[in-house]
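Visitor: Next up is a structure, given as structure tokens.
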2 protein chains.
Amino acid sequence: MRPPLDLTTDVVTLTEQLVDIESVSRDEQAIADHVERALRGLGHLTVSRHGHTVVARTDLGHGERVVIAGHLDTVPVNDNLPARREGDLLHGLGTCDMKGGDAVILKIAATVPQPNRDLTFILYEAEEIEAAYNGLNLLSQSDPELLAADFAILMEPSNGVVEAGCQGTMRVDVRTRGQRAHSARSWMGDNAIHKVGGVLARLADYEARTPEIDGLTYHEGLNAVFVRGGVAGNVIPDECVVEVNFRYAPDRSEEDAEAFVRAFFEGYDLQVTDIAPGARPGLDVPAAKAFVETVGGQVNPKFGWTDVARFTALGVPAVNFGPGDPSLAHRQDEHVPVAQIEECERALRTWLGGSA
Amino acid sequence: MRPPLDLTTDVVTLTEQLVDIESVSRDEQAIADHVERALRGLGHLTVSRHGHTVVARTDLGHGERVVIAGHLDTVPVNDNLPARREGDLLHGLGTCDMKGGDAVILKIAATVPQPNRDLTFILYEAEEIEAAYNGLNLLSQSDPELLAADFAILMEPSNGVVEAGCQGTMRVDVRTRGQRAHSARSWMGDNAIHKVGGVLARLADYEARTPEIDGLTYHEGLNAVFVRGGVAGNVIPDECVVEVNFRYAPDRSEEDAEAFVRAFFEGYDLQVTDIAPGARPGLDVPAAKAFVETVGGQVNPKFGWTDVARFTALGVPAVNFGPGDPSLAHRQDEHVPVAQIEECERALRTWLGGSA
């Protein structure tokens with residue numbers, strides 16, 4: 001039996017302990033049990049458990065409430081456990097995405113018992129897989145009042161810099177059709193793969209829009225992510241599908257995004273298979289402004305889709321702010337600079353009026 | 001136990017009997033046993049068995065020898081057995097490809113004991129699958145003397161018209177490469193699928209050559225038969241492959257064909273994965289000329305690759321001549337006009353000097 005998490009240890013050691021509790025999506029029971037037990041031991045928080053999602057709240061009667069959230073799951077193990085400290089870096093699955101952030105949450109929960117704002121800590125399951133399993137998504141359905149807040153901070157890796165807003169994402173299948181024939185008599189058929197040349201030519205000519213929104217510059221992208229066609233080595237194919245991913249800036253609604261893509265591929269058969277809205281930065285909210293000022297004033301646009309958009313959809317302005325380089329997430333060699341974990345902890349503690 | 005094949009029955013009934021002995025490639029034991037037993041019962045033929053390939057020869061001392069061959073296997077069953085007679089058509093797996101032709105071979109073997117040329121009947125296994133299993137291929141390695149002849153007739157479906165020569169076939173992979181990146185930051189990567197647009201544009205602009213060779217007009221074809229690319233729904237793909245099939249007229253050698261394709265796709269990474277030579281019509285050989293005259297003088301070019309090329313490579317001029325529409329081969333609803341089976345039997349019998 002693994003010893004309980006020790007919230008009196010330093011944040012880097014705590015990160016190591018969290019990393020060493022394997023927690024691939026759909027296998028978060030052990031880590032959620034450890035987190036729940038540690039938080040219940042603190043006394044000043046009201047703790048509740050929802051599946052493998054743990055919620056802990058202060059209730060100090062402040063006029064403002066902030067959610068601080070992190071997911072407990074990781075992508076599959078890839079020969080990168082246990083955690084391994086090497087100089088200024090901590091290596092291993094989840095060090096970057098996002099147990100460094102989770103450790104910061106637990107340290108703040110344990111050591112700032114009288115924050116200057118009421119806090120809701122959420123450590124949740126299944127962020128890395130389909131939305132149907134996502135702990136925040138489930139919580140928004142079962143106990144939406146627990147997500148109510150003036151502002152939310154997701155401690156996803158962002159190099160310790162505030163990333164605001166997030167781009168929307170949309171997936172469409174562009175399909176061409178033809179007529180099968182034996183390839184020895186190809187002129188009897190109509191090659192659907194050849195017709196995809198026109199689709200790909202448009203994509204190659206695409207010029208990305210880079211709109212400025214609330215002072216941040218976003219960068220859209222329209223890309224084929226899959227192409228599939230073919231029946232047999234001696235058959236002229238009668239169908240070909242290009243799967244296209246559109247990443248769109250948060251000044252477009254889902255409807256605008258779809259209209260753009262339909263116009264772009266005019267003349268082709270197009271089917272939308274997936275769409276998720278973006279989120280505007282929302283930095284005009286006082287709580288967000290104060291946070292950005294405390295952590296140094298720098299804000300970057302978020303290109304990838306994160307649960308920030310889920311909060312925005314609930315009417316809660318949200319940002320990403322956590323240790324780790326997001327481009328290392330999901331890589332076998334993911335790691336985090338220990339100084340970033342410590343710096344994130346310090347910044348939050350300062351903002352919340354905790355003692356140094 | 002199924003009754004033995006009855007070679008005294010009419011050719012259409014015999015076709016039905018052969019169809020009802022299921023013989024998907026690699027499962028030809030039963031049909032080869034039946035064929036071997038029927039041929040051994042005839043007395044005037046020297047019969048030998050090689051795996052599930054049966055060879056039967058006359059040895060009358062004629063100055064000329066002709067091979068008459070057909071494969072015994074079929075593509076997989078597709079809810080199209082047993083044989084079903086409907087008016088002038090016989091339906092079912094193998095009726096067209098090619099048990100009608102096999103029945104003609106068995107009838108000629110049984111009823112023309114004194115042909116005006118020496119004959120080698122070959123009923124062979126595994127034509128529908130990889131060449132490594134092909135009965136003719138195996139025989140050319142184990143007993144090449146059994147394939148020696150002045151002329152060969154493959155009774156593959158050709159609508160009862162002589163089809164001469166055959167086009168070569170070649171397969172190449174055309175590959176594009178790029179750089180992976182998360183699709184939310186697509187400008188950090190380099191999309192390999194987009195680059196395939198140029199490959200497909202060339203294919204769409206391809207104009208087929210239609211050379212005349214020994215009086216027959218061939219028709220080449222260059223087609224994408226597969227396209228594959230993509231890593232994940234949120235990743236810019238770093239590789240895409242177009243599999244291209246080149247069907248080339250028999251005035252090109254394999255080397256010429258490869259040179260053409262390399263020049264066509266100049267600037268792209270190209271790998272030849274498969275190549276088989278074509279066969280010139282070879283109708284200038286006396287035995288071939290006489291055969292064409294007897295069966296009515298009409299000759300069509302063969303576009304698809306068949307074992308005709310295998311004979312040509314052995315120095316034996318060969319043609320296709322059999323009942324059934326080749327475009328119905330491998331289709332669930334394959335069928336054959338019974339009149340074509342009867343007509344092919346009559347034509348061969350006449351050519352071989354048999355009594356009507």
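Going through the structure tokens in order, the chains are called A, B, and so on, while each chain numbers its residues from 1 and the ligands are numbered from 1 in the order shown.
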Mind checking which residues fall within 7 Å of segment 268-283 of chain B, counting only C-alpha atoms, ignoring those fewer than 3 positions away in the same chain, and posting them as a PyMOL selection string?

Guide: chain B and resi 164-176+214+249-251+253-254+265+288-289+309+312+317

Visitor: What would the file look like if the residues just selected were written as a short mmCIF file (atom, residue, chain, number, x, y, z; two decimals), in the first residue's frame with N, CA and C atoms?

Guide:
data_model
loop_
_atom_site.label_atom_id
_atom_site.label_comp_id
_atom_site.auth_asym_id
_atom_site.auth_seq_id
_atom_site.Cartn_x
_atom_site.Cartn_y
_atom_site.Cartn_z
N ALA B 164 -6.25 -11.24 -77.64
CA ALA B 164 -4.84 -11.55 -77.83
C ALA B 164 -3.96 -10.55 -77.11
N GLY B 165 -2.80 -11.02 -76.71
CA GLY B 165 -1.86 -10.19 -75.97
C GLY B 165 -2.42 -9.88 -74.60
N CYS B 166 -1.67 -9.13 -73.83
CA CYS B 166 -2.26 -8.57 -72.62
C CYS B 166 -1.39 -7.42 -72.18
N GLN B 167 -2.02 -6.47 -71.49
CA GLN B 167 -1.28 -5.30 -71.02
C GLN B 167 -0.46 -5.66 -69.79
N GLY B 168 0.64 -4.98 -69.62
CA GLY B 168 1.43 -5.14 -68.41
C GLY B 168 0.80 -4.36 -67.27
N THR B 169 1.22 -4.67 -66.07
CA THR B 169 0.70 -3.94 -64.92
C THR B 169 1.83 -3.66 -63.95
N MET B 170 1.77 -2.50 -63.37
CA MET B 170 2.84 -2.03 -62.49
C MET B 170 2.21 -1.22 -61.37
N ARG B 171 2.73 -1.40 -60.18
CA ARG B 171 2.22 -0.64 -59.05
C ARG B 171 3.35 0.17 -58.43
N VAL B 172 3.09 1.43 -58.16
CA VAL B 172 4.11 2.26 -57.50
C VAL B 172 3.46 3.02 -56.34
N ASP B 173 4.27 3.25 -55.32
CA ASP B 173 3.86 4.13 -54.23
C ASP B 173 4.52 5.49 -54.45
N VAL B 174 3.69 6.52 -54.52
CA VAL B 174 4.21 7.88 -54.60
C VAL B 174 4.01 8.48 -53.21
N ARG B 175 5.09 8.95 -52.63
CA ARG B 175 5.07 9.33 -51.23
C ARG B 175 5.44 10.80 -51.05
N THR B 176 4.69 11.50 -50.22
CA THR B 176 5.08 12.86 -49.85
C THR B 176 5.40 12.87 -48.36
N ASP B 214 0.24 -4.99 -83.82
CA ASP B 214 -0.18 -6.14 -84.62
C ASP B 214 -1.67 -6.05 -84.96
N ALA B 249 0.54 -0.88 -72.42
CA ALA B 249 0.39 -1.68 -73.64
C ALA B 249 1.64 -2.54 -73.84
N PRO B 250 1.49 -3.68 -74.55
CA PRO B 250 2.60 -4.63 -74.65
C PRO B 250 3.71 -4.21 -75.60
N ASP B 251 3.67 -2.96 -76.11
CA ASP B 251 4.84 -2.49 -76.85
C ASP B 251 5.87 -1.86 -75.91
N SER B 253 8.37 -2.43 -72.63
CA SER B 253 8.97 -3.41 -71.72
C SER B 253 8.73 -2.92 -70.29
N GLU B 254 9.06 -3.79 -69.33
CA GLU B 254 8.96 -3.37 -67.93
C GLU B 254 9.82 -2.14 -67.68
N PHE B 265 6.10 11.29 -62.71
CA PHE B 265 6.03 11.78 -61.33
C PHE B 265 7.35 12.44 -60.91
N ALA B 288 -1.69 -19.89 -84.26
CA ALA B 288 -2.57 -18.83 -83.80
C ALA B 288 -3.44 -18.33 -84.95
N LYS B 289 -2.79 -18.11 -86.10
CA LYS B 289 -3.53 -17.64 -87.28
C LYS B 289 -4.67 -18.59 -87.62
N ALA B 309 0.30 -13.89 -70.30
CA ALA B 309 1.66 -13.32 -70.23
C ALA B 309 2.66 -14.35 -69.72
N THR B 312 3.61 -16.33 -72.70
CA THR B 312 4.46 -15.52 -73.56
C THR B 312 5.89 -15.50 -73.03
N PRO B 317 3.20 -18.49 -77.71
CA PRO B 317 2.15 -17.53 -78.03
C PRO B 317 0.84 -18.01 -77.42
#

Visitor: Write out as a list in words which residues come within 6 Å of His71 of chain A when counting only C-alpha atoms, dropping same-chain ones fewer than 3 positions away.

Guide: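 Surrounding residues, per the criterion: Leu123, Tyr124 and Glu125 of chain A.
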
Visitor: List as a tab-separated table every residue of chain B that is in contact with chain A, defined as an atom at most 6 Å from one of its atoms (using only C-alpha atoms), together with the nearest atom pair and the distance in Å rounded to one decimal, sorted by chain and then rising number.

Guide:
residue	atom	partner	partner_atom	distance
B:Ala184	CA	A:Gly304	CA	4.9
B:His194	CA	A:Leu200	CA	5.2
B:Gly197	CA	A:Gly197	CA	4.4
B:Leu200	CA	A:Gly197	CA	4.8
B:Ala201	CA	A:Gly197	CA	5.4
B:Ala204	CA	A:His194	CA	5.5
B:Val225	CA	A:Gly230	CA	5.3
B:Phe226	CA	A:Gly230	CA	4.1
B:Val227	CA	A:Gly229	CA	5.2
B:Arg228	CA	A:Arg228	CA	5.2
B:Gly229	CA	A:Val227	CA	5.2
B:Gly230	CA	A:Phe226	CA	4.1
B:Gly233	CA	A:Val225	CA	5.8
B:Ile236	CA	A:Val225	CA	5.9
B:Phe303	CA	A:Ala184	CA	5.4
B:Gly304	CA	A:Ala184	CA	4.8

Visitor: As an MDAnalysis selection string, please: every residue in segment 107-322 of chain B that DSSP puts in alpha helix (DSSP H).

Guide: chainID B and resid 107:111 135:142 192:205 254:264 286:294 308:313

Visitor: Which residues come within 9 Å of Asn300 of chain A, counting only C-alpha atoms, excluding same-chain residues fewer than 5 positions away, as a VMD selection string?

Guide: chain A and resid 158 161 to 165 216 to 217

Visitor: Limited to N, CA, C and O atoms, could you put the picked residues into a file as a PDB file, in the first residue's frame?

Guide:
ATOM      1  N   SER A 158       1.178  25.835 -19.558  1.00  0.00           N
ATOM      2  CA  SER A 158       1.217  27.056 -20.384  1.00  0.00           C
ATOM      3  C   SER A 158       2.513  27.798 -20.099  1.00  0.00           C
ATOM      4  O   SER A 158       2.552  29.016 -20.210  1.00  0.00           O
ATOM      5  N   VAL A 161       2.673  30.995 -17.989  1.00  0.00           N
ATOM      6  CA  VAL A 161       2.196  32.292 -18.479  1.00  0.00           C
ATOM      7  C   VAL A 161       0.690  32.148 -18.708  1.00  0.00           C
ATOM      8  O   VAL A 161       0.219  31.078 -19.104  1.00  0.00           O
ATOM      9  N   VAL A 162      -0.066  33.207 -18.444  1.00  0.00           N
ATOM     10  CA  VAL A 162      -1.510  33.127 -18.653  1.00  0.00           C
ATOM     11  C   VAL A 162      -1.807  32.960 -20.140  1.00  0.00           C
ATOM     12  O   VAL A 162      -1.298  33.722 -20.975  1.00  0.00           O
ATOM     13  N   GLU A 163      -2.593  31.939 -20.475  1.00  0.00           N
ATOM     14  CA  GLU A 163      -3.103  31.793 -21.837  1.00  0.00           C
ATOM     15  C   GLU A 163      -4.606  31.986 -21.767  1.00  0.00           C
ATOM     16  O   GLU A 163      -5.291  31.291 -21.017  1.00  0.00           O
ATOM     17  N   ALA A 164      -5.087  32.913 -22.584  1.00  0.00           N
ATOM     18  CA  ALA A 164      -6.495  33.285 -22.468  1.00  0.00           C
ATOM     19  C   ALA A 164      -7.258  32.906 -23.729  1.00  0.00           C
ATOM     20  O   ALA A 164      -6.695  32.890 -24.822  1.00  0.00           O
ATOM     21  N   GLY A 165      -8.531  32.626 -23.546  1.00  0.00           N
ATOM     22  CA  GLY A 165      -9.379  32.247 -24.672  1.00  0.00           C
ATOM     23  C   GLY A 165      -8.961  30.885 -25.182  1.00  0.00           C
ATOM     24  O   GLY A 165      -8.032  30.257 -24.659  1.00  0.00           O
ATOM     25  N   LEU A 216      -5.169  40.049 -28.119  1.00  0.00           N
ATOM     26  CA  LEU A 216      -4.373  38.841 -28.373  1.00  0.00           C
ATOM     27  C   LEU A 216      -4.516  38.439 -29.838  1.00  0.00           C
ATOM     28  O   LEU A 216      -5.589  38.555 -30.417  1.00  0.00           O
ATOM     29  N   THR A 217      -3.429  37.957 -30.409  1.00  0.00           N
ATOM     30  CA  THR A 217      -3.462  37.569 -31.812  1.00  0.00           C
ATOM     31  C   THR A 217      -3.651  36.057 -31.941  1.00  0.00           C
ATOM     32  O   THR A 217      -2.814  35.277 -31.474  1.00  0.00           O
TER      33      THR A 217
END

Visitor: In Å, with one decimal, what is the gap from atom CA of Asp190 of chain B to atom CA of Gly267 of chain A?

Guide: 26.2 Å
